[in-house]
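Asker: I have a structure I would like to understand better, so I am pasting it below and will then ask my questions one at a time.
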Amino acid sequence: MKYSLNWDLDSIFAGGLHGKELTDKLAVIGESIETFRQAINDYEFDNDDAQFSRFSELTDFLQKIQAGIIQASMYINGKHSDDVNNEEVPPMIDKVQSLDVKAAQIAQLLQKKLADLSDDGFNELIKQPGLDTIAFSLKENRHFGKELLDDTQETIISEMNLEGLSSWSNHYSTLIAGVNVDFRDEDGNPKTLSAGQADNEILGNADSKYRQDLMPKWEAAFEDKQNLFADTLNHLSGSRLLDYKFHGTDDFLKYPLELNRMSKETLDTMWKVVDDNKDVLIKFLNRKAQLIGKNKIGWEDVAAPINIGNEKSKTFTYDEAAEFIIKQFNSFSPKMAKLAQKAFENRWIEAENRPGKEPGGYMQDLPETGEARIFLTFTGSPNDASTIAHELGHAFHSSVMNDLPYFRQDYAMNVAETASTFGELIVSDANVKEAKTDEEKISLLNAKMDNPVAMFLNIRARFLFETRFYERRQAGVLTANEINDLMIQAQKDAYGESLSTYSPHFWASKMHFYIDDIPFYNFPYTFGYLFSLGIYAKAQATDDFEDQYISLLRDTANMTTEELASKHLGVDLTKPDFWEAGVKLIEKDVDEFIKLTEKYV
């Protein structure tokens, strides 16, 4: 079957950015926010009935507003991802972000109402039909409500964040759109690559000399604008730290951990296991260096494909990748396969490789229509097929929660990355198993190892960098060169100084450091990867896996991460055993890679 490489955004809002549908939608959201504001200000628990019927109506109304903002945001941000040079998009992003800020303000009003309720009154509230299904969310909201300042102060902070934190985040998009790398094609002809295209070449080009020549050009392109990126990162983080300070904390990990519903003890245990076992991945990288004729592997080689002998890197057409993903999903979950088929057929995916697109990839759900949209750039590598599977894993996660209240769909990033990584594991593992020769298997094992290398070493470097940056930023602004130094040291520490070259400007290239609404957009990836390994092992040993998996996914916004793991996997995340079990699965792949490649070094 022939699938389109381009997504369908028009079915979300016909008529474009300035069409009637989107214009009316934003107007309705704005009016609803003000209606809710008045209603929640007037509301008193003492005047409600015994079933808290009026409060239940208000929570339903707020969830509807929040879902509408997500729907509109996806469309507008999708237009930006589609064409970063579209000058009509930034004003629309500002408009929907303004609505988002106002929606956050009214949510805080509800949180304060909950915080002021007595313990007995709150316990009675969450027993009521309709409210009992969102009891966990109401408990969270009550907790956050107790930490809020007065209404005037919170309004000032949120309005200032719109012009501060959010604006600096948006400014990053403007900067990255202007980064161009002057290079040449494989025939030596001059060409200009966007930042995203250059990233893809460094990650996916099989020619070691080509990558080695491109890497300094890439670094130079970011160095040319490093002071602008440094200003952006400094002021974005400064805005965030001020917000934390106003709310009584200088612990910059407090809110990221709360967002992910996990404890510091779990985080520390996970990172200790990762750090204690990084030699497993360093062993893999050292062998990879031997295979490409180097004493030590360079930064530009870490994710590079490997071709042994006459074996050429496996490639997929987009249609082949689609059929392969659907087939492999079906072996674990027919419902996952059905969702993937629907996504390809209904043009939920933007995959075309062309200039002007935003770097990276993502999935965004559309809660009002029960759909999703996926963005990436497809170049035909096995990793690209795995990336599509990754994003489809996200989409499946959202799809099995469509019938739940919106509060119950608000799962955290760490468990979000569990579903996506599970989807990715299915496809990367299948790639390896279907290899017809040792040479092809080596190539595909190498591609499969990109994930654990990224999760254990690259993401670890990001976490170390961001932690140290925020520690330093509390004392003042850092220069671009100081930030470069922090980046290099974090990479050396995470990779055990096993590389011959590092990437000082990685911090400027990675959008994750500049996201305004999710701080520390790093450790949830490693969590999700290791958590998904446990789920994958269970899937292979369980007959009724699909139902158990869906049950787990439906609980992801209804309890803490530790409770989720205990209920559905029977494990304690604060103990190293669970994490070490994941390491053993990685070590098995590394040992196979070492054994297969022994005769080639």
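Labels for the structure tokens follow display order: chains A, B, ..., residues from 1 in each chain, ligands from 1.
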Residues of stretch 170-225 of chain A classed as helix (DSSP H, G or I) by DSSP on the backbone are to be reported as a ChimeraX atom specification.

Answerer: /A:170-177,195-204,208-223

Asker: A:Tyr502: which residues within 10 Å, counting only C-alpha atoms, same-chain residues fewer than 6 positions away excluded, as a compact mmCIF listing (two decimals) with C-alpha atoms, in the first residue's frame?

Answerer:
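What landed in selection-v4.txt:
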# COMPACT_ATOMS: atom_id res chain seq x y z
CA ILE A 297 35.20 6.55 18.73
CA GLY A 298 34.32 10.21 18.10
CA TRP A 299 31.11 11.98 19.05
CA GLU A 300 30.02 11.90 15.41
CA MET A 487 28.72 20.35 28.29
CA ILE A 488 32.08 18.79 27.51
CA GLN A 489 32.71 17.80 31.13
CA GLN A 491 29.88 14.22 28.27
CA LYS A 492 33.28 13.08 29.52
CA TYR A 495 30.93 8.45 28.64

Asker: So the first atom is atom CA of A:Ala490 and the second is atom CA of A:Leu464; what is the distance between them in Å, to one decimal place?

Answerer: 5.5 Å

Asker: Grab the atom CA of A:Phe456 to atom CA of A:Val274 distance for me, in Å with one decimal place.

Answerer: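 So the answer is 5.9 Å.
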
Asker: Just the residues within 8 Å of stretch 238-245 of chain A, please, counting only C-alpha atoms, with nothing from its chain fewer than 6 positions along; format it as a PyMOL selection string.

Answerer: chain A and resi 157+161+164-165+251-252+473-474

Asker: Using the selection just defined, write its residues with all heavy atoms as a compact mmCIF listing (two decimals), in the first residue's frame.

Answerer:
# COMPACT_ATOMS: atom_id res chain seq x y z
N ILE A 157 2.89 36.36 38.40
CA ILE A 157 3.93 35.40 38.02
C ILE A 157 3.61 34.74 36.69
O ILE A 157 4.46 34.64 35.80
CB ILE A 157 4.12 34.34 39.12
CG1 ILE A 157 4.73 34.97 40.37
CG2 ILE A 157 5.01 33.20 38.62
CD1 ILE A 157 4.73 34.06 41.58
N ASN A 161 5.64 35.07 33.27
CA ASN A 161 6.20 33.88 32.62
C ASN A 161 5.86 33.84 31.14
O ASN A 161 6.63 33.32 30.33
CB ASN A 161 5.69 32.62 33.30
CG ASN A 161 6.48 32.27 34.55
OD1 ASN A 161 7.60 32.75 34.74
ND2 ASN A 161 5.91 31.44 35.41
N GLY A 164 8.33 35.93 29.76
CA GLY A 164 9.67 35.52 30.15
C GLY A 164 9.96 34.10 29.71
O GLY A 164 10.45 33.85 28.61
N LEU A 165 9.61 33.14 30.58
CA LEU A 165 9.91 31.73 30.33
C LEU A 165 9.41 31.26 28.96
O LEU A 165 10.18 30.72 28.15
CB LEU A 165 9.27 30.89 31.44
CG LEU A 165 9.51 29.39 31.42
CD1 LEU A 165 10.97 29.08 31.66
CD2 LEU A 165 8.66 28.71 32.48
N ASP A 251 15.28 24.21 45.23
CA ASP A 251 15.50 22.86 44.73
C ASP A 251 14.91 22.76 43.32
O ASP A 251 13.71 22.56 43.15
CB ASP A 251 14.85 21.84 45.67
CG ASP A 251 15.05 20.40 45.21
OD1 ASP A 251 15.72 20.19 44.18
OD2 ASP A 251 14.51 19.48 45.87
N PHE A 252 15.77 22.86 42.30
CA PHE A 252 15.28 22.89 40.93
C PHE A 252 14.83 21.51 40.42
O PHE A 252 14.30 21.40 39.32
CB PHE A 252 16.33 23.48 39.97
CG PHE A 252 17.72 22.92 40.15
CD1 PHE A 252 18.07 21.68 39.65
CD2 PHE A 252 18.68 23.65 40.84
CE1 PHE A 252 19.33 21.16 39.81
CE2 PHE A 252 19.97 23.14 41.01
CZ PHE A 252 20.30 21.89 40.51
N ARG A 473 23.80 28.55 37.60
CA ARG A 473 22.91 29.65 37.21
C ARG A 473 22.28 30.33 38.41
O ARG A 473 21.93 31.52 38.36
CB ARG A 473 21.81 29.11 36.27
CG ARG A 473 20.86 30.17 35.73
CD ARG A 473 21.57 31.19 34.86
NE ARG A 473 20.67 32.24 34.41
CZ ARG A 473 20.38 33.34 35.09
NH1 ARG A 473 20.92 33.55 36.29
NH2 ARG A 473 19.57 34.25 34.59
N GLN A 474 22.15 29.61 39.52
CA GLN A 474 21.62 30.22 40.74
C GLN A 474 22.50 31.37 41.23
O GLN A 474 22.02 32.27 41.92
CB GLN A 474 21.47 29.15 41.83
CG GLN A 474 20.32 28.19 41.59
CD GLN A 474 20.25 27.09 42.62
OE1 GLN A 474 21.28 26.60 43.09
NE2 GLN A 474 19.04 26.68 42.99

Asker: Which neighbours of stretch 325-335 of chain A fall inside 9 Å, counting only C-alpha atoms, when residues of the same chain fewer than 6 positions from it are skipped, and could you give them as an NGL selection string?

Answerer: :A and (341 or 385-386 or 388-389 or 396 or 423 or 426-427 or 430 or 539-540 or 545-547)

Asker: May I have the residues within 10 Å of A:Trp271 as a VMD selection string, using only C-alpha atoms and disregarding those fewer than 6 positions away in the same chain?

Answerer: chain A and resid 277 456 460 463 523 526 to 527 576 579

Asker: If you count only C-alpha atoms, which residues fall within 10 Å of A:Phe144, apart from same-chain ones fewer than 5 positions away, as a list in words?

Answerer: Gln108, Gln111, Lys112, Leu114, Ala115, Leu138, Lys139 and Glu258 of chain A

Asker: Export N, CA and C atoms of the chosen residues as an mmCIF file, in the first residue's frame?

Answerer:
data_model
loop_
_atom_site.group_PDB
_atom_site.id
_atom_site.type_symbol
_atom_site.label_atom_id
_atom_site.label_comp_id
_atom_site.auth_asym_id
_atom_site.auth_seq_id
_atom_site.Cartn_x
_atom_site.Cartn_y
_atom_site.Cartn_z
ATOM 1 N N GLN A 108 -5.501 27.037 39.001
ATOM 2 C CA GLN A 108 -4.984 27.368 40.336
ATOM 3 C C GLN A 108 -6.105 27.791 41.282
ATOM 4 N N GLN A 111 -7.479 24.677 42.474
ATOM 5 C CA GLN A 111 -6.532 24.075 43.418
ATOM 6 C C GLN A 111 -6.638 24.724 44.800
ATOM 7 N N LYS A 112 -6.808 26.032 44.822
ATOM 8 C CA LYS A 112 -6.913 26.733 46.106
ATOM 9 C C LYS A 112 -8.196 26.355 46.838
ATOM 10 N N LEU A 114 -9.631 23.506 46.691
ATOM 11 C CA LEU A 114 -9.375 22.179 47.249
ATOM 12 C C LEU A 114 -8.456 22.258 48.460
ATOM 13 N N ALA A 115 -7.454 23.134 48.400
ATOM 14 C CA ALA A 115 -6.506 23.265 49.503
ATOM 15 C C ALA A 115 -7.187 23.794 50.763
ATOM 16 N N LEU A 138 -7.340 15.013 41.884
ATOM 17 C CA LEU A 138 -7.793 16.014 42.850
ATOM 18 C C LEU A 138 -6.838 16.106 44.027
ATOM 19 N N LYS A 139 -6.275 14.980 44.444
ATOM 20 C CA LYS A 139 -5.274 15.000 45.514
ATOM 21 C C LYS A 139 -4.035 15.792 45.071
ATOM 22 N N GLU A 258 8.026 16.064 40.809
ATOM 23 C CA GLU A 258 6.578 16.070 41.032
ATOM 24 C C GLU A 258 5.820 15.879 39.728
#

Asker: Counting only C-alpha atoms, which residues in stretch 152-226 of chain A sit no more than 12 Å from stretch 82-85 of chain A? For each one, give the nearest pair of atoms and the distance in Å, sorted by chain then residue number, as CSV.

Answerer:
residue,atom,partner,partner_atom,distance
A:Asn170,CA,A:Val84,CA,11.5
A:His171,CA,A:Val84,CA,11.9
A:Tyr172,CA,A:Val84,CA,11.3
A:Ser173,CA,A:Val84,CA,7.6
A:Thr174,CA,A:Val84,CA,7.9
A:Leu175,CA,A:Val84,CA,10.2
A:Ile176,CA,A:Val84,CA,8.8
A:Ala177,CA,A:Val84,CA,6.0
A:Gly178,CA,A:Asn85,CA,9.0
A:Val179,CA,A:Val84,CA,11.4
A:Ser194,CA,A:Val84,CA,10.6
A:Ala195,CA,A:Val84,CA,11.5
A:Gly196,CA,A:Val84,CA,11.2

Asker: What lies within 10 Å of A:Glu219 using only C-alpha atoms, ignoring chain neighbours under 2 positions off, as number ranges by chain?

Answerer: A: 181, 214-217, 221-224, 226, 503-506, 508-509

Asker: Show me, as a Markdown table, the residues of stretch 329-425 of chain A having an atom within 10 Å of stretch 10-26 of chain A, each with the closest atom pair and its distance in Å, using only C-alpha atoms.

Answerer:
| residue | atom | partner | partner_atom | distance |
| --- | --- | --- | --- | --- |
| A:Leu366 | CA | A:Ile12 | CA | 8.6 |
| A:Glu368 | CA | A:Ile12 | CA | 9.8 |
| A:Thr369 | CA | A:Ile12 | CA | 8.4 |
| A:Glu371 | CA | A:Ile12 | CA | 9.5 |

Asker: Report the closest atom pair, with its distance in Å rounded to one decimal, for each residue of stretch 304-417 of chain A that has an atom no farther than 9 Å from stretch 201-205 of chain A; count only C-alpha atoms, sort by chain and then rising residue number, and write it as a Markdown table.

Answerer:
| residue | atom | partner | partner_atom | distance |
| --- | --- | --- | --- | --- |
| A:Ala304 | CA | A:Leu203 | CA | 5.5 |
| A:Pro305 | CA | A:Gly204 | CA | 6.3 |
| A:Thr379 | CA | A:Gly204 | CA | 8.5 |
| A:Ser381 | CA | A:Gly204 | CA | 7.3 |
| A:Asn383 | CA | A:Gly204 | CA | 8.5 |

Asker: Residues as selected, N, CA and C atoms, written as a compact mmCIF listing (two decimals), in the first residue's frame, can you do that?

Answerer:
# COMPACT_ATOMS: atom_id res chain seq x y z
N ALA A 304 26.53 6.12 14.50
CA ALA A 304 26.70 5.87 13.07
C ALA A 304 26.39 4.42 12.70
N PRO A 305 25.89 4.21 11.48
CA PRO A 305 25.68 2.83 11.01
C PRO A 305 27.01 2.12 10.78
N THR A 379 14.44 9.14 6.67
CA THR A 379 15.50 9.02 5.66
C THR A 379 15.71 7.58 5.20
N SER A 381 16.47 4.76 7.23
CA SER A 381 17.30 3.88 8.04
C SER A 381 16.44 3.05 9.00
N ASN A 383 16.80 2.99 12.09
CA ASN A 383 16.52 3.89 13.22
C ASN A 383 15.30 4.75 12.95

Asker: Based on DSSP run over this structure's backbone, return all residues of stretch 352-577 of chain A in strand (DSSP E or B), as a list in words.

Answerer: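 These are the residues in question: Tyr362, Met363, Gln364, Asp365, Leu366, Glu371, Ala372, Arg373, Ile374, Phe375 and Leu499 of chain A.
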